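Q: Take a look at upload09.txt, compact mmCIF, C-alpha atoms:
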# COMPACT_ATOMS: atom_id res chain seq x y z
CA MET W 101 -53.85 61.58 193.17
CA LYS W 102 -51.77 64.61 194.04
CA ASP W 103 -52.68 66.63 197.14
CA LYS W 104 -54.03 70.10 196.42
CA LEU W 105 -53.46 73.21 198.48
CA GLN W 106 -56.50 73.86 200.65
CA VAL W 107 -55.58 77.55 200.93
CA ALA W 108 -54.10 79.73 198.14
CA ALA W 109 -50.34 80.38 198.04
CA LEU W 110 -48.92 83.58 199.51
CA GLU W 111 -46.42 85.75 197.62
CA ASN W 112 -44.97 87.66 200.60
CA GLY W 113 -45.90 87.55 204.26
CA THR W 114 -46.25 85.13 207.13
CA VAL W 115 -48.09 81.85 207.52
CA ILE W 116 -48.99 80.77 211.05
CA ASP W 117 -49.35 77.01 210.85
CA HIS W 118 -50.19 74.09 213.15
CA ILE W 119 -52.66 76.12 215.20
CA PRO W 120 -55.05 74.00 217.28
CA SER W 121 -58.44 74.71 215.62
CA GLU W 122 -60.05 76.01 218.80
CA LEU W 123 -57.39 78.76 219.05
CA VAL W 124 -57.57 80.20 215.52
CA PHE W 125 -59.93 83.09 216.23
CA ARG W 126 -58.30 83.84 219.58
CA ILE W 127 -55.01 84.33 217.73
CA VAL W 128 -56.73 86.60 215.19
CA ASP W 129 -57.91 88.80 218.08
CA LEU W 130 -54.62 88.61 219.97
CA LEU W 131 -52.57 89.78 216.98
CA GLY W 132 -55.16 92.35 215.88
CA LEU W 133 -55.41 90.79 212.43
CA ASN W 134 -58.97 92.06 211.97
CA ASN W 135 -57.53 95.61 211.85
CA LEU W 136 -55.00 94.98 209.06
CA GLN W 137 -55.40 96.48 205.59
CA SER W 138 -53.58 93.56 203.96
CA SER W 139 -55.16 90.24 203.00
CA VAL W 140 -55.69 87.68 205.78
CA THR W 141 -56.71 84.13 204.92
CA ILE W 142 -57.97 81.87 207.69
CA GLY W 143 -58.22 78.12 207.35
CA TYR W 144 -60.18 76.38 210.08
CA ASN W 145 -60.57 72.67 210.88
CA LEU W 146 -58.13 71.55 208.19
CA GLN W 147 -56.76 68.02 208.29
CA SER W 148 -53.36 67.62 209.93
CA ARG W 149 -51.25 64.50 210.32
CA LYS W 150 -49.60 65.97 213.43
CA ILE W 151 -52.57 67.24 215.43
CA GLY W 152 -55.66 65.84 213.70
CA ARG W 153 -57.44 69.12 212.97
CA LYS W 154 -55.62 72.42 212.67
CA GLY W 155 -55.98 76.02 211.74
CA ILE W 156 -53.77 78.12 209.51
CA ILE W 157 -53.55 81.89 209.10
CA LYS W 158 -51.90 83.51 206.09
CA VAL W 159 -51.13 87.22 206.36
CA ALA W 160 -50.01 89.02 203.22
CA ASP W 161 -47.12 91.51 203.47
CA LYS W 162 -46.85 91.17 207.26
CA PHE W 163 -43.79 90.02 209.19
CA PHE W 164 -44.35 89.75 212.93
CA THR W 165 -42.17 91.43 215.54
CA ASP W 166 -40.60 89.54 218.45
CA GLU W 167 -43.17 91.16 220.75
CA GLU W 168 -46.05 89.88 218.63
CA ILE W 169 -44.49 86.41 218.55
CA SER W 170 -44.18 86.54 222.36
CA ARG W 171 -47.93 87.20 222.58
CA LEU W 172 -48.55 84.26 220.32
CA SER W 173 -46.41 81.96 222.49
CA VAL W 174 -48.69 82.46 225.49
CA VAL W 175 -51.78 81.21 223.66
CA ALA W 176 -50.35 78.66 221.25
CA PRO W 177 -46.77 77.71 222.14
CA ASN W 178 -46.23 75.08 219.43
CA VAL W 179 -47.25 76.92 216.27
CA VAL W 180 -44.86 77.40 213.37
CA LEU W 181 -44.33 80.69 211.54
CA ASN W 182 -43.31 80.40 207.91
CA ILE W 183 -41.80 83.56 206.43
CA ILE W 184 -42.66 83.78 202.73
CA ARG W 185 -40.87 85.87 200.11
CA GLY W 186 -41.53 85.42 196.40
CA TYR W 187 -43.80 82.42 197.07
CA ASP W 188 -40.91 80.57 198.80
CA VAL W 189 -40.49 79.75 202.48
CA VAL W 190 -37.30 81.57 203.41
CA GLU W 191 -37.47 80.93 207.16
CA LYS W 192 -39.37 78.74 209.61
CA LYS W 193 -39.72 79.79 213.23
CA THR W 194 -41.07 77.58 215.99
CA VAL W 195 -42.74 79.78 218.54
CA THR W 196 -41.23 79.48 222.01
CA MET W 197 -42.13 81.32 225.15
CA PRO W 198 -39.53 83.96 226.15
CA ASP W 199 -38.10 84.27 229.67
CA GLU W 200 -40.12 87.44 230.35
CA LEU W 201 -43.50 88.73 229.18
CA HIS W 202 -44.31 92.44 229.14
CA GLY W 203 -47.85 93.75 228.73
CA ILE W 204 -49.29 90.47 227.45
CA VAL W 205 -50.85 88.70 230.43
CA ARG W 206 -52.97 90.34 233.10
CA CYS W 207 -52.09 89.70 236.75
CA PRO W 208 -54.85 87.78 238.57
CA ASN W 209 -54.14 89.65 241.83
CA PRO W 210 -56.61 92.57 242.02
CA LYS W 211 -54.37 94.32 244.56
CA CYS W 212 -51.26 94.15 242.35
CA ILE W 213 -49.83 97.54 241.45
CA CYS W 214 -50.06 96.76 237.73
CA ASN W 215 -53.86 96.50 238.07
CA ASN W 216 -54.15 99.77 239.97
CA GLU W 217 -51.63 102.06 238.29
CA PRO W 218 -51.20 102.90 234.60
CA MET W 219 -48.31 100.54 233.98
CA GLN W 220 -47.48 97.53 231.86
CA THR W 221 -47.65 94.04 233.36
CA PHE W 222 -44.37 92.16 233.71
CA PHE W 223 -44.08 88.41 234.25
CA HIS W 224 -41.14 86.06 234.63
CA VAL W 225 -41.61 82.68 232.98
CA ILE W 226 -40.92 80.14 235.73
CA ASN W 227 -41.62 76.98 233.75
CA LYS W 228 -42.09 76.95 229.96
CA GLU W 229 -43.42 73.37 229.87
CA THR W 230 -46.26 74.01 232.31
CA ARG W 231 -46.52 77.67 231.19
CA THR W 232 -46.15 78.96 234.74
CA LEU W 233 -45.59 82.69 235.15
CA LYS W 234 -44.74 84.84 238.16
CA CYS W 235 -45.72 88.50 238.46
CA HIS W 236 -42.66 90.70 238.84
CA TYR W 237 -44.49 93.08 241.19
CA CYS W 238 -46.58 90.91 243.54
CA GLU W 239 -44.99 87.50 242.87
CA LYS W 240 -48.36 85.85 242.26
CA GLU W 241 -48.00 82.71 240.15
CA LEU W 242 -50.21 82.09 237.15
CA HIS W 243 -50.69 79.12 234.84
CA VAL W 244 -51.70 80.11 231.30
Is it possible to express this structure as structure tokens?

A:
Amino acid sequence: MKDKLQVAALENGTVIDHIPSELVFRIVDLLGLNNLQSSVTIGYNLQSRKIGRKGIIKVADKFFTDEEISRLSVVAPNVVLNIIRGYDVVEKKTVTMPDELHGIVRCPNPKCICNNEPMQTFFHVINKETRTLKCHYCEKELHV
């Protein structure tokens, strides 16, 4: 018996695949997908040979910026983005954490200048494997 698609095909847009199921709705919030005018299809608790259960998000006519992908890397660093054009996958991107994060993570130090002045947070990624960050302003380390 031939496997069937569990979620309808996408003509143009982006598919975020291999999302751990428990992170699907967090990613929807993080990327502001609930505010889009285009179609968003969410698959939750789908079977996956790689991770057991997974989530998938298909976003019609949306191609994510590097900044949006950076946000995604903080929450779910091993997801795959499939860029779709004319129903074909034209590019696959594995999400990796960049060396710096701007305006994505909040500093845990209440006395840090970024928590007390109207400015964007800025973190250096110290270790991508352990997801350790260091605040540029107060040097407080954070594990995400």

Q: Using only C-alpha atoms, collect all residues at a distance of at most 7 Å from (-51.2, 86.2, 219.3) as written in the file, then present them as a VMD selection string.

A: chain W and resid 127 to 128 130 to 131 168 to 169 171 to 172 175

Q: Between atom CA of Asn227 of chain W and atom CA of Leu201 of chain W, what is the distance in Å, rounded to a tenth?

A: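 Computing it gives 12.7 Å between the two atoms.
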
Q: Counting all atoms listed in the file, which residue out of W:Asp199, W:Glu191, W:Glu239, W:Val124 sits closest to Cys214 of chain W?

A: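 Closest to Cys214 of chain W, using all atoms listed in the file: W:Glu239.
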
Q: Taking (-50.3, 88.0, 228.9) as a centre in this file's frame and 12 Å as the limit, can you find every polymer residue with an atom that close, using all atoms listed in the file, and give them as number ranges by chain?

A: W: 130, 167-175, 197-198, 200-208, 220-225, 231-235, 242-244

Q: What is the distance between atom CA of Ile156 of chain W and atom CA of Ala109 of chain W, in Å to one decimal?

A: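 Taking atom CA of Ile156 of chain W as the start and atom CA of Ala109 of chain W as the end point, the length is 12.2 Å.
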
Q: Under the rule that all atoms listed in the file are counted, which of W:Thr165, W:Asn145, W:Ala160, W:Leu133 is the nearest residue to Pro120 of chain W?

A: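 For Pro120 of chain W, the nearest of the given residues is W:Asn145.
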
Q: Would you mind telling me which residue in W:Asp188, W:Glu217, W:Glu122, W:Asp129 lies nearest to Leu110 of chain W when using only C-alpha atoms?

A: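 Checking each of W:Asp188, W:Glu217, W:Glu122, W:Asp129 against Leu110 of chain W, counting only C-alpha atoms, the winner is W:Asp188.
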
Q: Of the candidates W:Cys238, W:Val179, W:Val159, W:Ile142, which shows the shortest atom-to-atom distance to Ile119 of chain W, using only C-alpha atoms?

A: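 Answer, going by the shortest atom-to-atom distance: W:Val179.
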
Q: Missing atoms in segment 201-222 of chain W need filling: write out N, CA and C atoms for it as a PDB file, in the coordinates of the input.

A:
ATOM      1  N   LEU W 201     -42.367  88.253 229.967  1.00  0.00           N
ATOM      2  CA  LEU W 201     -43.500  88.730 229.180  1.00  0.00           C
ATOM      3  C   LEU W 201     -43.896  90.114 229.691  1.00  0.00           C
ATOM      4  N   HIS W 202     -43.965  91.064 228.787  1.00  0.00           N
ATOM      5  CA  HIS W 202     -44.310  92.440 229.140  1.00  0.00           C
ATOM      6  C   HIS W 202     -45.618  92.845 228.464  1.00  0.00           C
ATOM      7  N   GLY W 203     -46.609  93.229 229.265  1.00  0.00           N
ATOM      8  CA  GLY W 203     -47.850  93.750 228.730  1.00  0.00           C
ATOM      9  C   GLY W 203     -48.719  92.762 227.969  1.00  0.00           C
ATOM     10  N   ILE W 204     -48.541  91.480 228.205  1.00  0.00           N
ATOM     11  CA  ILE W 204     -49.290  90.470 227.450  1.00  0.00           C
ATOM     12  C   ILE W 204     -50.351  89.811 228.312  1.00  0.00           C
ATOM     13  N   VAL W 205     -49.968  89.423 229.522  1.00  0.00           N
ATOM     14  CA  VAL W 205     -50.850  88.700 230.430  1.00  0.00           C
ATOM     15  C   VAL W 205     -51.244  89.626 231.564  1.00  0.00           C
ATOM     16  N   ARG W 206     -52.485  89.525 231.985  1.00  0.00           N
ATOM     17  CA  ARG W 206     -52.970  90.340 233.100  1.00  0.00           C
ATOM     18  C   ARG W 206     -52.750  89.597 234.420  1.00  0.00           C
ATOM     19  N   CYS W 207     -52.316  90.298 235.435  1.00  0.00           N
ATOM     20  CA  CYS W 207     -52.090  89.700 236.750  1.00  0.00           C
ATOM     21  C   CYS W 207     -53.443  89.382 237.398  1.00  0.00           C
ATOM     22  N   PRO W 208     -53.579  88.163 237.951  1.00  0.00           N
ATOM     23  CA  PRO W 208     -54.850  87.780 238.570  1.00  0.00           C
ATOM     24  C   PRO W 208     -55.069  88.408 239.958  1.00  0.00           C
ATOM     25  N   ASN W 209     -54.041  89.044 240.509  1.00  0.00           N
ATOM     26  CA  ASN W 209     -54.140  89.650 241.830  1.00  0.00           C
ATOM     27  C   ASN W 209     -54.744  91.060 241.702  1.00  0.00           C
ATOM     28  N   PRO W 210     -55.982  91.253 242.170  1.00  0.00           N
ATOM     29  CA  PRO W 210     -56.610  92.570 242.020  1.00  0.00           C
ATOM     30  C   PRO W 210     -55.892  93.684 242.786  1.00  0.00           C
ATOM     31  N   LYS W 211     -55.091  93.314 243.785  1.00  0.00           N
ATOM     32  CA  LYS W 211     -54.370  94.320 244.560  1.00  0.00           C
ATOM     33  C   LYS W 211     -52.981  94.631 244.005  1.00  0.00           C
ATOM     34  N   CYS W 212     -52.571  93.921 242.952  1.00  0.00           N
ATOM     35  CA  CYS W 212     -51.260  94.150 242.350  1.00  0.00           C
ATOM     36  C   CYS W 212     -51.184  95.567 241.787  1.00  0.00           C
ATOM     37  N   ILE W 213     -50.024  96.170 241.909  1.00  0.00           N
ATOM     38  CA  ILE W 213     -49.830  97.540 241.450  1.00  0.00           C
ATOM     39  C   ILE W 213     -50.115  97.702 239.957  1.00  0.00           C
ATOM     40  N   CYS W 214     -49.842  96.649 239.181  1.00  0.00           N
ATOM     41  CA  CYS W 214     -50.060  96.760 237.730  1.00  0.00           C
ATOM     42  C   CYS W 214     -51.542  96.808 237.367  1.00  0.00           C
ATOM     43  N   ASN W 215     -52.422  96.411 238.301  1.00  0.00           N
ATOM     44  CA  ASN W 215     -53.860  96.500 238.070  1.00  0.00           C
ATOM     45  C   ASN W 215     -54.463  97.790 238.616  1.00  0.00           C
ATOM     46  N   ASN W 216     -53.639  98.559 239.330  1.00  0.00           N
ATOM     47  CA  ASN W 216     -54.150  99.770 239.970  1.00  0.00           C
ATOM     48  C   ASN W 216     -53.426 101.035 239.549  1.00  0.00           C
ATOM     49  N   GLU W 217     -52.393 100.914 238.791  1.00  0.00           N
ATOM     50  CA  GLU W 217     -51.630 102.060 238.290  1.00  0.00           C
ATOM     51  C   GLU W 217     -51.505 101.906 236.768  1.00  0.00           C
ATOM     52  N   PRO W 218     -51.345 103.002 236.058  1.00  0.00           N
ATOM     53  CA  PRO W 218     -51.200 102.900 234.600  1.00  0.00           C
ATOM     54  C   PRO W 218     -49.790 102.417 234.210  1.00  0.00           C
ATOM     55  N   MET W 219     -49.607 101.126 234.306  1.00  0.00           N
ATOM     56  CA  MET W 219     -48.310 100.540 233.980  1.00  0.00           C
ATOM     57  C   MET W 219     -48.488  99.197 233.289  1.00  0.00           C
ATOM     58  N   GLN W 220     -47.458  98.790 232.603  1.00  0.00           N
ATOM     59  CA  GLN W 220     -47.480  97.530 231.860  1.00  0.00           C
ATOM     60  C   GLN W 220     -47.220  96.356 232.804  1.00  0.00           C
ATOM     61  N   THR W 221     -47.913  95.238 232.558  1.00  0.00           N
ATOM     62  CA  THR W 221     -47.650  94.040 233.360  1.00  0.00           C
ATOM     63  C   THR W 221     -46.290  93.472 232.988  1.00  0.00           C
ATOM     64  N   PHE W 222     -45.710  92.724 233.909  1.00  0.00           N
ATOM     65  CA  PHE W 222     -44.370  92.160 233.710  1.00  0.00           C
ATOM     66  C   PHE W 222     -44.333  90.824 234.440  1.00  0.00           C
TER      67      PHE W 222
END
